[in-house]
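Source file: query_37.csv. Holds: CSV, C-alpha atoms and all ligand atoms.
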```csv
chain,number,residue,atom,x,y,z
J,1443,MET,CA,7.5,-11.6,-19.0
J,1444,LYS,CA,7.3,-9.4,-16.0
J,1445,ASP,CA,3.5,-9.3,-16.6
J,1446,ARG,CA,3.3,-13.0,-16.7
J,1447,LYS,CA,5.3,-13.4,-13.5
J,1448,LEU,CA,3.1,-10.9,-11.6
J,1449,TYR,CA,0.0,-12.6,-13.0
J,1450,ASP,CA,1.3,-16.0,-11.8
J,1451,LEU,CA,2.2,-14.5,-8.4
J,1452,ALA,CA,-1.3,-13.1,-8.1
J,1453,GLU,CA,-2.7,-16.6,-8.8
J,1454,ASP,CA,-0.5,-18.1,-6.1
J,1455,ILE,CA,-1.7,-15.4,-3.7
J,1456,ARG,CA,-5.3,-16.1,-4.5
J,1457,LYS,CA,-4.7,-19.8,-3.6
J,1458,CYS,CA,-2.6,-19.1,-0.5
J,1459,THR,CA,-3.5,-20.9,2.8
J,1460,SER,CA,-0.4,-20.1,4.7
J,1461,CYS,CA,-2.1,-18.3,7.6
J,1462,PRO,CA,-5.5,-18.4,9.3
J,1463,LEU,CA,-6.7,-15.2,7.5
J,1464,SER,CA,-7.2,-17.3,4.4
J,1465,ARG,CA,-10.0,-19.2,6.1
J,1466,GLY,CA,-12.1,-16.0,6.7
J,1467,ARG,CA,-11.7,-14.4,3.3
J,1468,THR,CA,-14.1,-14.2,0.4
J,1469,LEU,CA,-11.4,-13.2,-2.1
J,1470,ALA,CA,-7.7,-12.6,-1.5
J,1471,VAL,CA,-6.5,-9.2,-2.8
J,1472,PRO,CA,-3.1,-9.6,-4.5
J,1473,GLY,CA,-3.0,-6.0,-5.8
J,1474,GLU,CA,-3.4,-4.4,-9.1
J,1475,GLY,CA,-2.1,-1.7,-11.4
J,1476,LYS,CA,0.6,-0.7,-13.8
J,1477,ILE,CA,3.7,-2.6,-13.8
J,1478,ASP,CA,6.3,-0.2,-15.1
J,1479,SER,CA,5.4,3.1,-13.5
J,1480,GLY,CA,8.1,2.8,-10.9
J,1481,ILE,CA,5.6,3.6,-8.2
J,1482,LEU,CA,4.2,1.1,-5.7
J,1483,ILE,CA,1.6,2.0,-3.1
J,1484,VAL,CA,1.4,-0.3,0.0
J,1485,GLY,CA,-1.5,-0.2,2.4
J,1486,GLU,CA,-2.3,-2.4,5.4
J,1487,ALA,CA,-4.9,-5.0,4.6
J,1488,PRO,CA,-8.1,-5.5,2.6
J,1489,GLY,CA,-11.4,-4.3,4.2
J,1490,ALA,CA,-14.9,-5.5,3.5
J,1491,GLU,CA,-15.3,-4.1,0.0
J,1492,GLU,CA,-11.8,-5.2,-1.0
J,1493,ASP,CA,-12.5,-8.7,0.3
J,1494,ARG,CA,-15.8,-8.8,-1.7
J,1495,LEU,CA,-14.3,-7.6,-4.9
J,1496,GLY,CA,-10.7,-8.9,-4.7
J,1497,GLN,CA,-9.3,-5.4,-5.5
J,1498,PRO,CA,-7.3,-3.0,-3.2
J,1499,PHE,CA,-8.7,0.3,-1.9
J,1500,VAL,CA,-12.2,0.1,-3.4
J,1501,GLY,CA,-14.1,1.1,-0.2
J,1502,ARG,CA,-14.2,4.4,1.7
J,1503,ALA,CA,-10.5,4.5,2.3
J,1504,GLY,CA,-10.0,3.9,-1.4
J,1505,LYS,CA,-12.2,6.9,-2.2
J,1506,LEU,CA,-10.0,9.1,-0.1
J,1507,LEU,CA,-6.9,7.5,-1.6
J,1508,ASN,CA,-8.2,8.4,-5.0
J,1509,GLU,CA,-8.6,12.1,-4.0
J,1510,LEU,CA,-5.1,12.1,-2.6
J,1511,LEU,CA,-3.7,10.6,-5.7
J,1512,GLU,CA,-5.4,13.2,-7.8
J,1513,THR,CA,-3.9,15.9,-5.5
J,1514,ALA,CA,-0.5,14.3,-6.0
J,1515,GLY,CA,-1.1,14.4,-9.8
J,1516,ILE,CA,-1.1,10.6,-10.0
J,1517,ASP,CA,-3.4,8.6,-12.2
J,1518,ARG,CA,-4.5,5.6,-10.1
J,1519,SER,CA,-4.3,3.3,-13.2
J,1520,ASP,CA,-0.7,4.4,-13.6
J,1521,VAL,CA,0.6,2.9,-10.4
J,1522,PHE,CA,0.6,-0.5,-8.7
J,1523,ILE,CA,-1.4,-0.8,-5.4
J,1524,THR,CA,-1.2,-3.6,-2.9
J,1525,ASN,CA,-1.3,-4.3,0.9
J,1526,CYS,CA,1.0,-5.8,3.5
J,1527,VAL,CA,-1.5,-8.7,4.0
J,1528,LYS,CA,-3.6,-10.0,1.1
J,1529,CYS,CA,-6.6,-11.3,3.1
J,1530,ARG,CA,-9.0,-9.3,5.3
J,1531,PRO,CA,-8.5,-9.6,9.0
J,1532,PRO,CA,-11.7,-10.3,10.9
J,1533,LYS,CA,-13.7,-7.2,11.8
J,1534,ASN,CA,-10.9,-5.1,10.1
J,1535,ARG,CA,-8.6,-5.5,13.1
J,1536,ASN,CA,-4.9,-4.8,12.4
J,1537,PRO,CA,-3.0,-7.7,11.0
J,1538,ASN,CA,-1.0,-9.4,13.7
J,1539,THR,CA,2.8,-10.1,13.7
J,1540,LEU,CA,2.4,-13.7,12.5
J,1541,GLU,CA,0.1,-12.7,9.7
J,1542,LEU,CA,2.4,-9.9,8.6
J,1543,LYS,CA,5.4,-12.2,8.7
J,1544,THR,CA,3.7,-15.0,6.8
J,1545,CYS,CA,2.4,-12.7,4.1
J,1546,LYS,CA,5.7,-10.8,3.7
J,1547,LYS,CA,6.9,-13.3,1.1
J,1548,TRP,CA,4.2,-12.1,-1.3
J,1549,LEU,CA,5.0,-8.4,-0.9
J,1550,ASP,CA,8.7,-9.1,-1.1
J,1551,SER,CA,8.2,-11.0,-4.4
J,1552,GLN,CA,6.0,-8.1,-5.8
J,1553,ILE,CA,8.7,-5.6,-4.9
J,1554,ALA,CA,11.4,-7.8,-6.5
J,1555,LEU,CA,9.4,-8.0,-9.7
J,1556,LEU,CA,8.2,-4.4,-9.9
J,1557,LYS,CA,11.5,-2.9,-8.8
J,1558,PRO,CA,9.7,0.4,-7.8
J,1559,LYS,CA,11.7,3.6,-7.9
J,1560,LEU,CA,9.5,4.8,-5.1
J,1561,ILE,CA,7.3,2.9,-2.6
J,1562,ILE,CA,4.5,5.0,-1.1
J,1563,ILE,CA,3.8,3.7,2.4
J,1564,LEU,CA,0.3,4.2,3.8
J,1565,GLY,CA,0.2,4.1,7.5
J,1566,ARG,CA,2.3,2.8,10.4
J,1567,VAL,CA,1.6,-0.9,9.9
J,1568,ALA,CA,3.1,-0.8,6.4
J,1569,LEU,CA,5.9,1.5,7.6
J,1570,LYS,CA,6.9,-1.0,10.3
J,1571,ASN,CA,6.5,-4.0,7.9
J,1572,LEU,CA,8.6,-2.5,5.2
J,1573,THR,CA,11.3,-0.5,7.0
J,1574,GLY,CA,11.2,-1.5,10.7
J,1575,LYS,CA,10.6,2.1,11.5
J,1576,GLU,CA,7.7,3.2,13.8
J,1577,LYS,CA,7.6,7.0,13.9
J,1578,ILE,CA,5.4,8.1,11.1
J,1579,LYS,CA,5.2,11.6,12.5
J,1580,ASP,CA,9.0,12.0,11.9
J,1581,LEU,CA,8.9,10.5,8.4
J,1582,HIS,CA,5.7,11.5,6.7
J,1583,GLY,CA,5.6,13.9,3.7
J,1584,LYS,CA,9.1,13.3,2.5
J,1585,VAL,CA,11.3,10.8,0.8
J,1586,SER,CA,13.4,8.5,3.0
J,1587,GLU,CA,15.9,5.9,1.8
J,1588,PHE,CA,16.4,2.6,3.7
J,1589,ASP,CA,18.6,-0.2,2.3
J,1590,GLY,CA,18.8,1.5,-1.1
J,1591,GLN,CA,15.0,1.7,-1.5
J,1592,LYS,CA,13.3,5.1,-1.6
J,1593,TYR,CA,10.0,5.5,0.3
J,1594,PHE,CA,7.5,8.2,0.6
J,1595,VAL,CA,5.7,7.8,3.9
J,1596,THR,CA,2.2,9.1,4.8
J,1597,TYR,CA,-0.7,8.3,7.1
J,1598,HIS,CA,-3.2,5.7,6.3
J,1599,PRO,CA,-6.4,7.1,4.5
J,1600,SER,CA,-8.6,5.3,7.1
J,1601,ALA,CA,-6.9,7.4,9.8
J,1602,GLY,CA,-7.8,10.4,7.7
J,1603,LEU,CA,-11.4,9.3,7.7
J,1604,ARG,CA,-11.4,9.2,11.5
J,1605,PHE,CA,-9.4,12.3,12.3
J,1606,LYS,CA,-9.7,15.7,10.6
J,1607,TRP,CA,-6.1,16.7,11.4
J,1608,ILE,CA,-4.8,13.5,9.7
J,1609,LYS,CA,-6.9,14.2,6.6
J,1610,GLU,CA,-5.3,17.6,6.4
J,1611,VAL,CA,-1.8,16.2,6.8
J,1612,LEU,CA,-2.6,13.6,4.1
J,1613,PHE,CA,-3.5,16.3,1.6
J,1614,GLU,CA,-0.4,18.4,2.6
J,1615,ASP,CA,1.7,15.2,2.1
J,1616,ALA,CA,0.0,14.6,-1.3
J,1617,LYS,CA,1.0,18.1,-2.4
J,1618,ASN,CA,4.6,17.5,-1.4
J,1619,LEU,CA,4.5,14.2,-3.3
J,1620,LYS,CA,3.5,16.0,-6.4
J,1621,LYS,CA,6.6,18.2,-6.2
J,1622,ILE,CA,8.8,15.3,-5.3
J,1623,LEU,CA,7.5,13.3,-8.4
J,1624,ALA,CA,8.1,16.3,-10.7
J,1625,HIS,CA,11.7,16.5,-9.3
J,1626,LEU,CA,12.3,12.8,-9.7
J,1627,LYS,CA,11.0,12.9,-13.3
J,1628,ASN,CA,13.5,15.6,-14.2
J,1629,LYS,CA,16.4,13.6,-12.8
J,1701,LIG,N1,-7.2,-0.4,3.7
J,1701,LIG,C1,-6.0,-0.9,3.3
J,1701,LIG,O1,-5.0,-0.8,3.9
J,1701,LIG,N2,-6.1,-1.5,2.1
J,1701,LIG,C2,-7.1,-1.6,1.4
J,1701,LIG,O2,-7.0,-2.3,0.3
J,1701,LIG,C3,-8.3,-1.0,1.8
J,1701,LIG,C4,-8.3,-0.4,3.0
```
Take the structure I supplied and represent it as structure tokens, if you would.
Ligand code: URA
Amino acid sequence: MKDRKLYDLAEDIRKCTSCPLSRGRTLAVPGEGKIDSGILIVGEAPGAEEDRLGQPFVGRAGKLLNELLETAGIDRSDVFITNCVKCRPPKNRNPNTLELKTCKKWLDSQIALLKPKLIIILGRVALKNLTGKEKIKDLHGKVSEFDGQKYFVTYHPSAGLRFKWIKEVLFEDAKNLKKILAHLKNK
């Protein structure tokens, strides 16, 4: 039932024309993964490879994400991965306020269906979009709770590809996440 609803939602997302990003896309990227793991990963927006294949995090940032997940002891196929906006912004620019606002209905519906125990936020765009908070440096590497939802915040893997210090922080955060998940499992 839940599978069916998520599948239908993905179909609706693929047909969405609610904002101008839909006009530039090859494929929308609804997200993919396991429904019942209790973990949802939220990035920013699809890039070129994601737009071509219709899957999240399959380009360079995705490769780093895979390494981070391995460090955190997470099997990628065990979690659900999506983005704040489901269509690629031109030239990979950040999604603007209107695009984020328009696309939020899809992410909200996914969260309502998945009911994740923990949402892993990748980067400041997703942080702001989901929690209204802006200061990633104060929040990364630990669990925070806002409005009854638990979040683990970390930097965006693309930032880790650009800056060595962020890559190091990302791996430190991933190690923390591993401990946190072990603790949550035993609860
Ligand atoms: N960056 C994102 O935020 N999401 C993707 O799917 C790929 C790169």
*Dump the neighbourhood of ligand LIG 1701 (chain J) as a list in words: all residues within 7 Å, distances computed on only C-alpha atoms and all ligand atoms.*
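If we count only C-alpha atoms and all ligand atoms, the neighbours of ligand LIG 1701 (chain J) turn out to be Gly1485, Glu1486, Ala1487, Pro1488, Gly1489, Glu1492, Gln1497, Pro1498, Phe1499, Val1500, Gly1501, Ala1503, Gly1504, Thr1524, Asn1525 and Ser1600 of chain J.
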_So that I can check the surroundings of region 1547-1550 of chain J, please list as number ranges by chain every protein, DNA and RNA residue that reaches within 8 Å of it, counting all atoms listed in the file and ignoring chain neighbours fewer than 3 positions away._
J: 1451, 1455, 1525-1526, 1543-1544, 1553-1554
*Determine the nearest neighbour of Arg1535 (chain J) from the options J:Leu1463, J:Leu1603, J:Leu1482, J:Val1585, counting only C-alpha atoms.*
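Among J:Leu1463, J:Leu1603, J:Leu1482, J:Val1585, it is J:Leu1463 that comes nearest to Arg1535 (chain J).
What separates CA of Leu1448 (chain J) from CA of Thr1468 (chain J) is a distance of 21.2 Å.
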Sphere at (-3.2, 11.1, -3.9), radius 10 Å, counting only C-alpha atoms: residues as a CSV table (one decimal) with C-alpha atoms, keeping the file's coordinate frame:
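Below is the file part-v6.csv, written as the result:
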```
chain,number,residue,atom,x,y,z
J,1506,LEU,CA,-10.0,9.1,-0.1
J,1507,LEU,CA,-6.9,7.5,-1.6
J,1508,ASN,CA,-8.2,8.4,-5.0
J,1509,GLU,CA,-8.6,12.1,-4.0
J,1510,LEU,CA,-5.1,12.1,-2.6
J,1511,LEU,CA,-3.7,10.6,-5.7
J,1512,GLU,CA,-5.4,13.2,-7.8
J,1513,THR,CA,-3.9,15.9,-5.5
J,1514,ALA,CA,-0.5,14.3,-6.0
J,1515,GLY,CA,-1.1,14.4,-9.8
J,1516,ILE,CA,-1.1,10.6,-10.0
J,1517,ASP,CA,-3.4,8.6,-12.2
J,1518,ARG,CA,-4.5,5.6,-10.1
J,1599,PRO,CA,-6.4,7.1,4.5
J,1612,LEU,CA,-2.6,13.6,4.1
J,1613,PHE,CA,-3.5,16.3,1.6
J,1615,ASP,CA,1.7,15.2,2.1
J,1616,ALA,CA,0.0,14.6,-1.3
J,1617,LYS,CA,1.0,18.1,-2.4
J,1619,LEU,CA,4.5,14.2,-3.3
J,1620,LYS,CA,3.5,16.0,-6.4
```
_Using all atoms listed in the file for the distances, tell me which of J:Ile1523, J:Ile1477, J:Cys1529, J:Ile1561 is nearest to Asp1493 (chain J)._
J:Cys1529
*Selected residue of minimal separation from His1598 (chain J) among J:Ala1624, J:Ile1563, J:Ala1490, J:Leu1556, counting all atoms listed in the file*: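 The answer is J:Ile1563, which sits nearest to His1598 (chain J).
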*Write out as number ranges by chain each polymer residue whose atoms come within 12 Å of Leu1560 (chain J), counting all atoms listed in the file; drop sequence neighbours fewer than 4 positions from it.*
J: 1478-1484, 1521-1522, 1553, 1556, 1584-1588, 1590-1595, 1619, 1622-1623, 1626-1627
_What does the structure give for the distance between CA of Ile1562 (chain J) and CA of Asn1618 (chain J), in Å to one decimal?_
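The value is 12.5 Å.
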*asked:* Can you measure CA of Lys1546 (chain J) to CA of Lys1528 (chain J) for me? One decimal in Å is fine.
replied: 9.7 Å
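Close contacts of Val1611 (chain J), defined as residues with an atom at most 10 Å away when counting all atoms listed in the file, with chain neighbours fewer than 6 positions off set aside, comprise His1582, Gly1583, Thr1596, Tyr1597, Gly1602 and Lys1617 of chain J.
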_Residue among J:Lys1476, J:Phe1605, J:Arg1467, J:Ser1519 lying closest to Arg1494 (chain J), counting all atoms listed in the file_ = J:Arg1467
*Select, from J:Asp1445, J:Asp1589, J:Asp1450, J:Asp1520, the residue with the minimum atom-to-atom distance to Leu1572 (chain J), counting only C-alpha atoms.*
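Of all the options, J:Asp1589 lies closest to Leu1572 (chain J).
Proximity of J:Leu1581, J:Leu1555, J:Leu1569, J:Cys1461 to Pro1531 (chain J), computed with only C-alpha atoms, is greatest for J:Cys1461.
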*7 Å contact set for region 1456-1459 of chain J, all atoms listed in the file, chain neighbours under 5 positions out, as a PyMOL selection string*: chain J and resi 1464+1470+1472
What does the file look like for those residues with C-alpha atoms, as a PDB file, in the frame of the given file?
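What follows is the written file result.pdb:
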```pdb
ATOM      1  CA  SER J1464      -7.200 -17.300   4.400  1.00  0.00           C
ATOM      2  CA  ALA J1470      -7.700 -12.600  -1.500  1.00  0.00           C
ATOM      3  CA  PRO J1472      -3.100  -9.600  -4.500  1.00  0.00           C
TER       4      PRO J1472
END
```
May I ask you to restore N, CA and C atoms in region 1528-1558 of chain J and write the result as a PDB file, keeping the file's coordinate frame?
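Listed below is the output, out_16.pdb:
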```pdb
ATOM      1  N   LYS J1528      -2.705  -9.875   2.306  1.00  0.00           N
ATOM      2  CA  LYS J1528      -3.600 -10.000   1.100  1.00  0.00           C
ATOM      3  C   LYS J1528      -4.977 -10.450   1.431  1.00  0.00           C
ATOM      4  N   CYS J1529      -5.227 -10.829   2.696  1.00  0.00           N
ATOM      5  CA  CYS J1529      -6.600 -11.300   3.100  1.00  0.00           C
ATOM      6  C   CYS J1529      -7.090 -10.405   4.219  1.00  0.00           C
ATOM      7  N   ARG J1530      -8.403 -10.230   4.266  1.00  0.00           N
ATOM      8  CA  ARG J1530      -9.000  -9.300   5.300  1.00  0.00           C
ATOM      9  C   ARG J1530      -8.945  -9.913   6.677  1.00  0.00           C
ATOM     10  N   PRO J1531      -8.389  -9.163   7.616  1.00  0.00           N
ATOM     11  CA  PRO J1531      -8.500  -9.600   9.000  1.00  0.00           C
ATOM     12  C   PRO J1531      -9.890  -9.475   9.521  1.00  0.00           C
ATOM     13  N   PRO J1532     -10.322 -10.383  10.426  1.00  0.00           N
ATOM     14  CA  PRO J1532     -11.700 -10.300  10.900  1.00  0.00           C
ATOM     15  C   PRO J1532     -12.009  -8.955  11.543  1.00  0.00           C
ATOM     16  N   LYS J1533     -13.188  -8.455  11.243  1.00  0.00           N
ATOM     17  CA  LYS J1533     -13.700  -7.200  11.800  1.00  0.00           C
ATOM     18  C   LYS J1533     -12.692  -6.023  11.512  1.00  0.00           C
ATOM     19  N   ASN J1534     -11.894  -6.166  10.459  1.00  0.00           N
ATOM     20  CA  ASN J1534     -10.900  -5.100  10.100  1.00  0.00           C
ATOM     21  C   ASN J1534      -9.890  -4.807  11.168  1.00  0.00           C
ATOM     22  N   ARG J1535      -9.636  -5.766  12.063  1.00  0.00           N
ATOM     23  CA  ARG J1535      -8.600  -5.500  13.100  1.00  0.00           C
ATOM     24  C   ARG J1535      -7.245  -5.400  12.329  1.00  0.00           C
ATOM     25  N   ASN J1536      -6.230  -4.843  13.029  1.00  0.00           N
ATOM     26  CA  ASN J1536      -4.900  -4.800  12.400  1.00  0.00           C
ATOM     27  C   ASN J1536      -4.360  -6.197  12.221  1.00  0.00           C
ATOM     28  N   PRO J1537      -3.637  -6.427  11.124  1.00  0.00           N
ATOM     29  CA  PRO J1537      -3.000  -7.700  11.000  1.00  0.00           C
ATOM     30  C   PRO J1537      -1.978  -7.939  12.102  1.00  0.00           C
ATOM     31  N   ASN J1538      -1.908  -9.173  12.626  1.00  0.00           N
ATOM     32  CA  ASN J1538      -1.000  -9.400  13.700  1.00  0.00           C
ATOM     33  C   ASN J1538       0.425  -9.772  13.173  1.00  0.00           C
ATOM     34  N   THR J1539       1.374  -9.898  14.082  1.00  0.00           N
ATOM     35  CA  THR J1539       2.800 -10.100  13.700  1.00  0.00           C
ATOM     36  C   THR J1539       2.947 -11.363  12.843  1.00  0.00           C
ATOM     37  N   LEU J1540       2.264 -12.421  13.241  1.00  0.00           N
ATOM     38  CA  LEU J1540       2.400 -13.700  12.500  1.00  0.00           C
ATOM     39  C   LEU J1540       1.838 -13.535  11.077  1.00  0.00           C
ATOM     40  N   GLU J1541       0.677 -12.894  10.974  1.00  0.00           N
ATOM     41  CA  GLU J1541       0.100 -12.700   9.700  1.00  0.00           C
ATOM     42  C   GLU J1541       0.950 -11.844   8.755  1.00  0.00           C
ATOM     43  N   LEU J1542       1.491 -10.787   9.338  1.00  0.00           N
ATOM     44  CA  LEU J1542       2.400  -9.900   8.600  1.00  0.00           C
ATOM     45  C   LEU J1542       3.619 -10.643   8.097  1.00  0.00           C
ATOM     46  N   LYS J1543       4.166 -11.420   9.015  1.00  0.00           N
ATOM     47  CA  LYS J1543       5.400 -12.200   8.700  1.00  0.00           C
ATOM     48  C   LYS J1543       5.136 -13.214   7.629  1.00  0.00           C
ATOM     49  N   THR J1544       4.028 -13.923   7.785  1.00  0.00           N
ATOM     50  CA  THR J1544       3.700 -15.000   6.800  1.00  0.00           C
ATOM     51  C   THR J1544       3.453 -14.424   5.437  1.00  0.00           C
ATOM     52  N   CYS J1545       2.783 -13.281   5.398  1.00  0.00           N
ATOM     53  CA  CYS J1545       2.400 -12.700   4.100  1.00  0.00           C
ATOM     54  C   CYS J1545       3.512 -11.916   3.438  1.00  0.00           C
ATOM     55  N   LYS J1546       4.589 -11.655   4.182  1.00  0.00           N
ATOM     56  CA  LYS J1546       5.700 -10.800   3.700  1.00  0.00           C
ATOM     57  C   LYS J1546       6.299 -11.341   2.404  1.00  0.00           C
ATOM     58  N   LYS J1547       6.290 -12.675   2.293  1.00  0.00           N
ATOM     59  CA  LYS J1547       6.900 -13.300   1.100  1.00  0.00           C
ATOM     60  C   LYS J1547       6.262 -12.776  -0.177  1.00  0.00           C
ATOM     61  N   TRP J1548       4.933 -12.522  -0.117  1.00  0.00           N
ATOM     62  CA  TRP J1548       4.200 -12.100  -1.300  1.00  0.00           C
ATOM     63  C   TRP J1548       4.611 -10.635  -1.668  1.00  0.00           C
ATOM     64  N   LEU J1549       4.627  -9.803  -0.647  1.00  0.00           N
ATOM     65  CA  LEU J1549       5.000  -8.400  -0.900  1.00  0.00           C
ATOM     66  C   LEU J1549       6.448  -8.307  -1.357  1.00  0.00           C
ATOM     67  N   ASP J1550       7.315  -9.075  -0.726  1.00  0.00           N
ATOM     68  CA  ASP J1550       8.700  -9.100  -1.100  1.00  0.00           C
ATOM     69  C   ASP J1550       8.861  -9.497  -2.608  1.00  0.00           C
ATOM     70  N   SER J1551       8.100 -10.516  -3.014  1.00  0.00           N
ATOM     71  CA  SER J1551       8.200 -11.000  -4.400  1.00  0.00           C
ATOM     72  C   SER J1551       7.632  -9.894  -5.351  1.00  0.00           C
ATOM     73  N   GLN J1552       6.563  -9.216  -4.937  1.00  0.00           N
ATOM     74  CA  GLN J1552       6.000  -8.100  -5.800  1.00  0.00           C
ATOM     75  C   GLN J1552       7.051  -7.021  -5.946  1.00  0.00           C
ATOM     76  N   ILE J1553       7.703  -6.666  -4.845  1.00  0.00           N
ATOM     77  CA  ILE J1553       8.700  -5.600  -4.900  1.00  0.00           C
ATOM     78  C   ILE J1553       9.874  -6.026  -5.802  1.00  0.00           C
ATOM     79  N   ALA J1554      10.282  -7.286  -5.671  1.00  0.00           N
ATOM     80  CA  ALA J1554      11.400  -7.800  -6.500  1.00  0.00           C
ATOM     81  C   ALA J1554      11.065  -7.744  -7.973  1.00  0.00           C
ATOM     82  N   LEU J1555       9.815  -8.015  -8.303  1.00  0.00           N
ATOM     83  CA  LEU J1555       9.400  -8.000  -9.700  1.00  0.00           C
ATOM     84  C   LEU J1555       9.207  -6.560 -10.236  1.00  0.00           C
ATOM     85  N   LEU J1556       8.544  -5.748  -9.425  1.00  0.00           N
ATOM     86  CA  LEU J1556       8.200  -4.400  -9.900  1.00  0.00           C
ATOM     87  C   LEU J1556       9.400  -3.452  -9.869  1.00  0.00           C
ATOM     88  N   LYS J1557      10.341  -3.729  -8.977  1.00  0.00           N
ATOM     89  CA  LYS J1557      11.500  -2.900  -8.800  1.00  0.00           C
ATOM     90  C   LYS J1557      11.096  -1.371  -8.768  1.00  0.00           C
ATOM     91  N   PRO J1558      10.232  -0.992  -7.835  1.00  0.00           N
ATOM     92  CA  PRO J1558       9.700   0.400  -7.800  1.00  0.00           C
ATOM     93  C   PRO J1558      10.840   1.406  -7.511  1.00  0.00           C
TER      94      PRO J1558
END
```
